[in-house]
>>> print(open('my_file18.cif').read())   # mmCIF, C-alpha atoms
data_entry
#
loop_
_atom_site.label_atom_id
_atom_site.label_comp_id
_atom_site.auth_asym_id
_atom_site.auth_seq_id
_atom_site.Cartn_x
_atom_site.Cartn_y
_atom_site.Cartn_z
CA MET A 1 0.00 0.00 0.00
CA SER A 2 1.69 3.21 -1.20
CA GLY A 3 1.58 6.54 0.62
CA THR A 4 -0.87 7.90 -1.96
CA VAL A 5 -3.28 5.02 -1.50
CA PHE A 6 -2.95 5.35 2.29
CA ALA A 7 -3.86 9.06 2.20
CA VAL A 8 -6.73 8.53 -0.25
CA VAL A 9 -8.29 5.85 1.96
CA LEU A 10 -8.05 8.11 5.03
CA LEU A 11 -9.84 10.89 3.11
CA ALA A 12 -12.53 8.40 2.12
CA ALA A 13 -12.89 7.42 5.78
CA ALA A 14 -13.51 11.04 6.83
CA LEU A 15 -16.10 11.54 4.08
CA HIS A 16 -17.85 8.29 4.98
CA ALA A 17 -18.17 9.21 8.65
CA THR A 18 -19.54 12.62 7.65
CA TRP A 19 -22.48 11.33 5.63
CA ASN A 20 -23.30 8.77 8.31
CA ALA A 21 -23.44 11.55 10.90
CA LEU A 22 -25.76 13.51 8.62
CA VAL A 23 -28.11 10.52 8.30
CA LYS A 24 -28.04 9.80 12.04
CA GLY A 25 -28.66 13.48 12.82
CA GLY A 26 -31.77 13.63 10.64
CA ALA A 27 -35.22 13.51 12.24
CA ASP A 28 -36.40 10.89 9.73
CA LYS A 29 -33.59 8.37 9.18
CA THR A 30 -35.29 6.80 6.15
CA ALA A 31 -35.76 10.17 4.44
CA SER A 32 -32.17 11.15 5.19
CA MET A 33 -30.80 7.88 3.80
CA THR A 34 -33.02 8.19 0.71
CA ALA A 35 -31.67 11.69 0.04
CA VAL A 36 -28.08 10.46 0.35
CA VAL A 37 -28.65 7.43 -1.90
CA LEU A 38 -30.42 9.49 -4.59
CA GLY A 39 -27.72 12.15 -4.44
CA GLN A 40 -25.07 9.46 -4.78
CA GLY A 41 -26.94 7.99 -7.75
CA ALA A 42 -27.10 11.37 -9.46
CA ALA A 43 -23.34 11.72 -9.03
CA GLY A 44 -22.92 8.29 -10.59
CA LEU A 45 -24.93 9.32 -13.63
CA LEU A 46 -22.81 12.44 -14.09
CA LEU A 47 -19.67 10.33 -14.00
CA LEU A 48 -20.71 7.74 -16.58
CA PRO A 49 -20.19 9.86 -19.74
CA ILE A 50 -16.50 10.36 -18.89
CA ALA A 51 -15.82 6.85 -17.52
CA PRO A 52 -14.37 4.09 -19.72
CA PRO A 53 -16.89 1.43 -20.82
CA LEU A 54 -17.30 -1.61 -18.62
CA ASP A 55 -16.09 -5.06 -19.54
CA TRP A 56 -19.29 -7.13 -19.77
CA ALA A 57 -17.68 -9.81 -17.62
CA CYS A 58 -18.27 -7.61 -14.55
CA TRP A 59 -22.09 -7.70 -14.70
CA PRO A 60 -22.54 -10.60 -12.24
CA TYR A 61 -20.48 -8.60 -9.73
CA LEU A 62 -22.48 -5.48 -10.52
CA LEU A 63 -25.83 -7.13 -9.87
CA ALA A 64 -24.58 -8.75 -6.67
CA GLY A 65 -23.15 -5.41 -5.54
CA ILE A 66 -26.48 -3.63 -6.05
CA ALA A 67 -28.28 -6.23 -3.91
CA LEU A 68 -25.65 -6.07 -1.17
CA HIS A 69 -25.66 -2.26 -1.06
CA LEU A 70 -29.45 -2.28 -0.73
CA GLY A 71 -29.21 -4.67 2.22
CA TYR A 72 -26.54 -2.49 3.81
CA GLN A 73 -28.58 0.68 3.44
CA LEU A 74 -31.84 -0.80 4.73
CA PHE A 75 -30.24 -2.40 7.79
CA LEU A 76 -28.24 0.76 8.54
CA ILE A 77 -31.46 2.80 8.63
CA GLN A 78 -32.99 0.46 11.19
CA SER A 79 -29.78 0.45 13.26
CA TYR A 80 -29.70 4.25 13.47
CA LYS A 81 -33.33 4.34 14.55
CA LEU A 82 -32.39 2.37 17.67
CA GLY A 83 -28.77 3.18 18.51
CA ASP A 84 -26.33 6.10 18.71
CA LEU A 85 -23.74 6.82 16.02
CA THR A 86 -20.98 5.85 18.48
CA GLN A 87 -22.66 2.46 19.08
CA VAL A 88 -23.92 1.46 15.64
CA TYR A 89 -21.07 2.76 13.50
CA PRO A 90 -18.27 0.91 15.36
CA ILE A 91 -20.09 -2.43 15.24
CA ALA A 92 -21.06 -2.14 11.58
CA ARG A 93 -17.67 -0.92 10.42
CA GLY A 94 -15.59 -2.86 12.92
CA ALA A 95 -16.93 -6.26 11.94
CA SER A 96 -15.93 -5.71 8.33
CA PRO A 97 -12.09 -5.98 8.33
CA LEU A 98 -11.92 -9.43 9.89
CA LEU A 99 -14.82 -10.70 7.77
CA VAL A 100 -13.19 -9.37 4.60
CA ALA A 101 -9.81 -10.82 5.59
CA ALA A 102 -11.42 -14.19 6.21
CA GLY A 103 -13.40 -14.01 2.98
CA THR A 104 -10.47 -13.04 0.76
CA ALA A 105 -8.28 -15.68 2.39
CA MET A 106 -10.91 -18.41 1.94
CA PHE A 107 -12.21 -17.57 -1.54
CA LEU A 108 -9.52 -15.45 -3.24
CA GLY A 109 -6.38 -17.06 -1.85
CA ALA A 110 -5.08 -13.89 -0.16
CA ALA A 111 -2.19 -14.32 2.29
CA PHE A 112 -1.09 -11.92 5.06
CA SER A 113 2.03 -11.58 7.13
CA GLN A 114 1.93 -11.82 10.92
CA ALA A 115 2.32 -8.05 11.22
CA GLU A 116 -0.56 -7.46 8.81
CA LEU A 117 -2.77 -9.86 10.74
CA LEU A 118 -1.83 -8.10 13.99
CA ALA A 119 -2.72 -4.74 12.43
CA LEU A 120 -6.08 -6.11 11.27
CA LEU A 121 -6.79 -7.44 14.75
CA MET A 122 -5.79 -4.17 16.43
CA ILE A 123 -7.98 -2.08 14.16
CA SER A 124 -10.95 -4.39 14.58
CA ALA A 125 -10.49 -4.69 18.36
CA GLY A 126 -10.20 -0.94 18.70
CA ILE A 127 -13.32 -0.30 16.67
CA LEU A 128 -15.43 -3.04 18.21
CA SER A 129 -14.48 -2.05 21.77
CA ILE A 130 -15.90 1.42 21.14
CA ALA A 131 -19.23 -0.31 20.62
CA LEU A 132 -19.28 -1.33 24.32
CA VAL A 133 -20.80 2.00 25.29
CA ARG A 134 -24.25 3.08 26.30
CA ARG A 135 -26.54 5.45 24.46
CA GLN A 136 -27.00 9.07 25.50
CA ASP A 137 -29.95 8.04 27.68
CA GLY A 138 -27.80 5.46 29.52
CA THR A 139 -29.28 2.38 27.84
CA PHE A 140 -27.69 -0.20 25.55
CA SER A 141 -29.81 -1.45 22.67
CA MET A 142 -29.00 -5.08 21.93
CA LYS A 143 -31.31 -5.00 18.91
CA ALA A 144 -29.41 -2.04 17.48
CA GLY A 145 -26.17 -3.96 18.02
CA ALA A 146 -27.54 -7.04 16.26
CA LEU A 147 -28.79 -4.99 13.30
CA ALA A 148 -25.42 -3.22 13.11
CA LEU A 149 -23.63 -6.57 13.04
CA VAL A 150 -25.77 -7.71 10.09
CA THR A 151 -24.96 -4.37 8.46
CA GLY A 152 -21.28 -5.19 8.93
CA MET A 153 -21.79 -8.51 7.15
CA PHE A 154 -23.24 -6.65 4.17
CA ILE A 155 -20.25 -4.26 4.24
CA ALA A 156 -17.79 -7.15 4.20
CA SER A 157 -19.66 -8.84 1.36
CA TYR A 158 -19.95 -5.81 -0.91
CA SER A 159 -16.33 -4.88 -0.23
CA ILE A 160 -15.17 -8.18 -1.69
CA VAL A 161 -17.68 -8.15 -4.56
CA ASP A 162 -17.04 -4.51 -5.51
CA GLY A 163 -13.29 -4.90 -5.32
CA GLN A 164 -13.33 -7.89 -7.63
CA GLY A 165 -15.97 -6.28 -9.88
CA ALA A 166 -13.91 -3.13 -10.37
CA ARG A 167 -10.90 -5.20 -11.35
CA VAL A 168 -12.89 -7.30 -13.82
CA ALA A 169 -14.62 -4.18 -15.21
CA GLY A 170 -11.26 -2.56 -15.92
CA THR A 171 -12.50 0.80 -14.56
CA ALA A 172 -13.26 1.67 -10.94
CA LEU A 173 -15.08 4.86 -11.98
CA GLY A 174 -17.27 3.14 -14.56
CA PHE A 175 -18.08 0.26 -12.23
CA PHE A 176 -19.08 2.37 -9.25
CA GLY A 177 -20.85 5.00 -11.37
CA THR A 178 -23.06 2.29 -12.85
CA LEU A 179 -23.56 0.62 -9.48
CA THR A 180 -24.62 3.80 -7.66
CA ALA A 181 -27.02 4.88 -10.40
CA ALA A 182 -28.69 1.45 -10.46
CA ASN A 183 -28.68 1.26 -6.66
CA ALA A 184 -30.43 4.64 -6.44
CA LEU A 185 -33.16 3.47 -8.83
CA ALA A 186 -33.68 0.26 -6.87
CA PHE A 187 -33.66 2.03 -3.49
CA GLY A 188 -36.04 4.72 -4.76
CA ALA A 189 -38.40 2.02 -6.02
CA ILE A 190 -38.42 0.31 -2.62
CA ILE A 191 -39.16 3.57 -0.82
CA GLY A 192 -41.74 4.53 -3.45
CA VAL A 193 -43.67 1.35 -2.66
CA SER A 194 -43.23 1.37 1.12
CA ARG A 195 -43.48 5.12 1.81
CA PRO A 196 -44.74 6.95 -1.28
CA GLU A 197 -45.71 10.03 0.74
CA MET A 198 -42.09 10.53 1.81
CA LEU A 199 -40.77 10.89 -1.74
CA ARG A 200 -42.94 13.97 -2.24
CA GLY A 201 -41.14 15.77 0.58
CA LEU A 202 -37.60 14.98 -0.47
CA GLN A 203 -37.11 18.31 -2.23
CA ALA A 204 -36.66 19.85 1.22
CA LEU A 205 -33.59 17.64 1.70
CA TRP A 206 -31.74 18.71 -1.45
CA ARG A 207 -28.76 19.96 0.57
CA LEU A 208 -28.39 16.55 2.19
CA ALA A 209 -28.68 14.93 -1.23
CA VAL A 210 -25.93 17.17 -2.64
CA PHE A 211 -23.49 17.17 0.26
CA GLY A 212 -24.29 13.82 1.87
CA GLY A 213 -24.70 12.02 -1.45
CA GLY A 214 -21.58 13.72 -2.81
CA ALA A 215 -19.53 12.73 0.24
CA SER A 216 -20.79 9.14 0.05
CA PHE A 217 -20.08 8.86 -3.67
CA THR A 218 -16.63 10.42 -3.46
CA ALA A 219 -15.69 8.25 -0.47
CA TYR A 220 -16.55 5.01 -2.19
CA VAL A 221 -15.06 5.95 -5.55
CA LEU A 222 -11.80 6.54 -3.72
CA VAL A 223 -12.10 3.20 -1.93
CA VAL A 224 -12.98 1.25 -5.08
CA TRP A 225 -9.96 2.82 -6.79
CA ALA A 226 -7.83 1.80 -3.79
CA PHE A 227 -9.19 -1.76 -4.12
CA THR A 228 -7.50 -1.89 -7.53
CA GLN A 229 -4.17 -0.67 -6.10
CA ALA A 230 -3.77 -2.69 -2.88
CA PRO A 231 -5.12 -5.86 -1.19
CA ILE A 232 -8.87 -5.54 -0.53
CA ALA A 233 -8.66 -6.61 3.13
CA LEU A 234 -5.93 -4.06 3.92
CA VAL A 235 -7.82 -1.21 2.22
CA THR A 236 -10.99 -2.19 4.06
CA ALA A 237 -9.23 -2.31 7.42
CA LEU A 238 -7.68 1.12 6.96
CA ARG A 239 -10.98 2.56 5.73
CA GLU A 240 -12.63 1.50 8.99
CA THR A 241 -10.56 4.12 10.82
CA SER A 242 -13.51 6.29 9.80
CA ILE A 243 -14.70 5.44 13.32
CA ILE A 244 -12.20 8.01 14.57
CA PHE A 245 -13.95 10.69 12.53
CA ALA A 246 -17.36 9.32 13.56
CA LEU A 247 -16.33 9.57 17.20
CA LEU A 248 -15.44 13.23 16.77
CA LEU A 249 -18.65 13.94 14.86
CA GLY A 250 -20.78 11.99 17.33
CA VAL A 251 -19.41 13.98 20.26
CA GLY A 252 -19.06 17.38 18.60
CA PHE A 253 -22.00 17.37 16.16
CA LEU A 254 -24.55 15.04 17.78
CA GLY A 255 -23.69 15.69 21.44
CA GLU A 256 -22.92 12.06 22.33
CA LYS A 257 -20.77 11.21 25.36
CA LEU A 258 -16.97 10.99 25.29
CA ASP A 259 -15.27 8.76 27.88
CA LEU A 260 -11.86 7.16 28.49
CA ARG A 261 -12.98 3.87 26.92
CA LYS A 262 -13.68 5.62 23.63
CA VAL A 263 -10.34 7.44 23.78
CA PHE A 264 -8.44 4.18 24.43
CA SER A 265 -10.30 2.36 21.66
CA THR A 266 -9.59 5.18 19.22
CA ALA A 267 -5.87 5.08 20.15
CA LEU A 268 -5.81 1.31 19.55
CA THR A 269 -7.42 1.81 16.14
CA LEU A 270 -4.84 4.47 15.23
CA ALA A 271 -2.00 2.20 16.36
CA GLY A 272 -3.29 -0.55 14.11
CA ALA A 273 -3.50 1.84 11.16
CA VAL A 274 0.09 3.02 11.75
CA LEU A 275 1.34 -0.57 11.99
CA LEU A 276 -0.47 -1.41 8.75
CA ARG A 277 1.08 1.61 7.02
CA LEU A 278 4.63 0.92 8.24
CA ASN A 279 4.47 -2.76 7.39
CA ARG A 280 3.34 -2.06 3.81
CA SER A 281 5.68 0.87 3.14
#
>>> encode(input="my_file18.cif", output="structure tokens")
Amino acid sequence: MSGTVFAVVLLAAALHATWNALVKGGADKTASMTAVVLGQGAAGLLLLPIAPPLDWACWPYLLAGIALHLGYQLFLIQSYKLGDLTQVYPIARGASPLLVAAGTAMFLGAAFSQAELLALLMISAGILSIALVRRQDGTFSMKAGALALVTGMFIASYSIVDGQGARVAGTALGFFGTLTAANALAFGAIIGVSRPEMLRGLQALWRLAVFGGGASFTAYVLVVWAFTQAPIALVTALRETSIIFALLLGVGFLGEKLDLRKVFSTALTLAGAVLLRLNRS
């Protein structure tokens, strides 16, 4: 993993945490997520005219990716309805690195050094330990934790599928542009059937669509590009340091509690990221 890829993934992590904080901070989590997904889809459409054409061999990955992103988005909405950003985000994102490492090792033949495995474990342990906190009202929602864990499984799955799909497609931009546009159509159709009245009020959320959708799209384009430059599991692990940015946003923007456990867990996550960077330099 080069220094450029390392910096790009960290930028993607900050952008990802930002749009999640915007969704969590919204009064209607479903409406907020819909605005972000539609904004991301619009960005994908704008990108397609300048992106290289896809290799048709990537279409199975594309269809699987659309389904997995839908599952991720729908479960994330339900998680944020029940839990705080500093509870849900660490579980969902923290479960992903180890699952991706296991998946790529089992199905793609990836191999990792002892130092890389230690870095993966440190990052995951740091992120998951942040999840052992209570909500602002002093309660701990086990259901929110369970939904967040399922969300993490979707993250791990689409990370592997999208990474392979972008490589087969021969263009990260074309692959993700097509995926986000199709995902927005599918997500909009689901919401149109389940909550048609909500779609009529989405024009009031245009700022969230532009800034949240733009941040989401940019973050994942950067990550998909990084998938083509470095091992998928290592990119995914480093991307999950977005929890550090989510912690800051949760405390500063959403008014959630900051305690020593969160500080220690964040430091452990940073140490894992540094070890990963030094080992791959």
>>> residues_around(input="my_file18.cif", residues="stretch 19-26 of chain A", least_positions_apart="3", cutoff="10 Å", atoms="only C-alpha atoms", output="number ranges by chain")
A: 14-16, 29-36, 76-77, 79-81, 83-86, 88-89, 205, 208-209, 211-217, 219, 245-247, 249-250, 253-254
>>> atom_distance(input="my_file18.cif", atom1="atom CA of A:Ser194", atom2="atom CA of A:Leu68")
19.2 Å
>>> closest_residue(input="my_file18.cif", among="A:Gln40, A:Gln229, A:Ser129, A:Gln78", to="A:Phe187", atoms="all atoms listed in the file")
A:Gln40
>>> resolve_selection(input="my_file18.cif", expression="the PyMOL selection byres ((chain A and resi 179) around 9)", output="ChimeraX atom specification")
/A:41,44,62-63,65-66,174-178,180-184
>>> closest_residue(input="my_file18.cif", among="A:Leu11, A:Leu54, A:Ile91, A:Leu70", to="A:Leu147", atoms="only C-alpha atoms")
A:Ile91
>>> resolve_selection(input="my_file18.cif", expression="the PyMOL selection byres ((chain A and resi 90) around 12)", output="ChimeraX atom specification")
/A:17,20,79,83-89,91-97,123-133,144-145,148-149,151-152,240-247,250,262,265-266,269
>>> residues_around(input="my_file18.cif", residues="A:Leu99", least_positions_apart="4", cutoff="12 Å", atoms="all atoms listed in the file", output="list in words")
Ala92, Arg93, Gly94, Ala95, Gly103, Thr104, Ala105, Met106, Phe107, Leu120, Leu121, Ser124, Leu149, Val150, Thr151, Gly152, Met153, Phe154, Ile155, Ala156, Ser157, Tyr158, Ser159, Ile160, Ile232, Ala233, Leu234, Thr236 and Ala237 of chain A
>>> closest_residue(input="my_file18.cif", among="A:Ile50, A:Val263, A:Ile190, A:Leu238", to="A:Ala13", atoms="all atoms listed in the file")
A:Leu238
>>> closest_residue(input="my_file18.cif", among="A:Asp55, A:Glu116, A:Glu197, A:Glu256", to="A:Arg167", atoms="all atoms listed in the file")
A:Asp55
>>> resolve_selection(input="my_file18.cif", expression="the PyMOL selection byres ((chain A and resi 9) around 7)", output="list of chain:residue names")
A:Val5, A:Phe6, A:Ala7, A:Val8, A:Leu10, A:Leu11, A:Ala12, A:Ala13, A:Leu222, A:Val223, A:Leu238, A:Arg239
>>> atom_distance(input="my_file18.cif", atom1="atom CA of A:Leu258", atom2="atom CA of A:Leu74")
28.0 Å
>>> atom_distance(input="my_file18.cif", atom1="atom CA of A:Tyr72", atom2="atom CA of A:Leu47")
23.0 Å
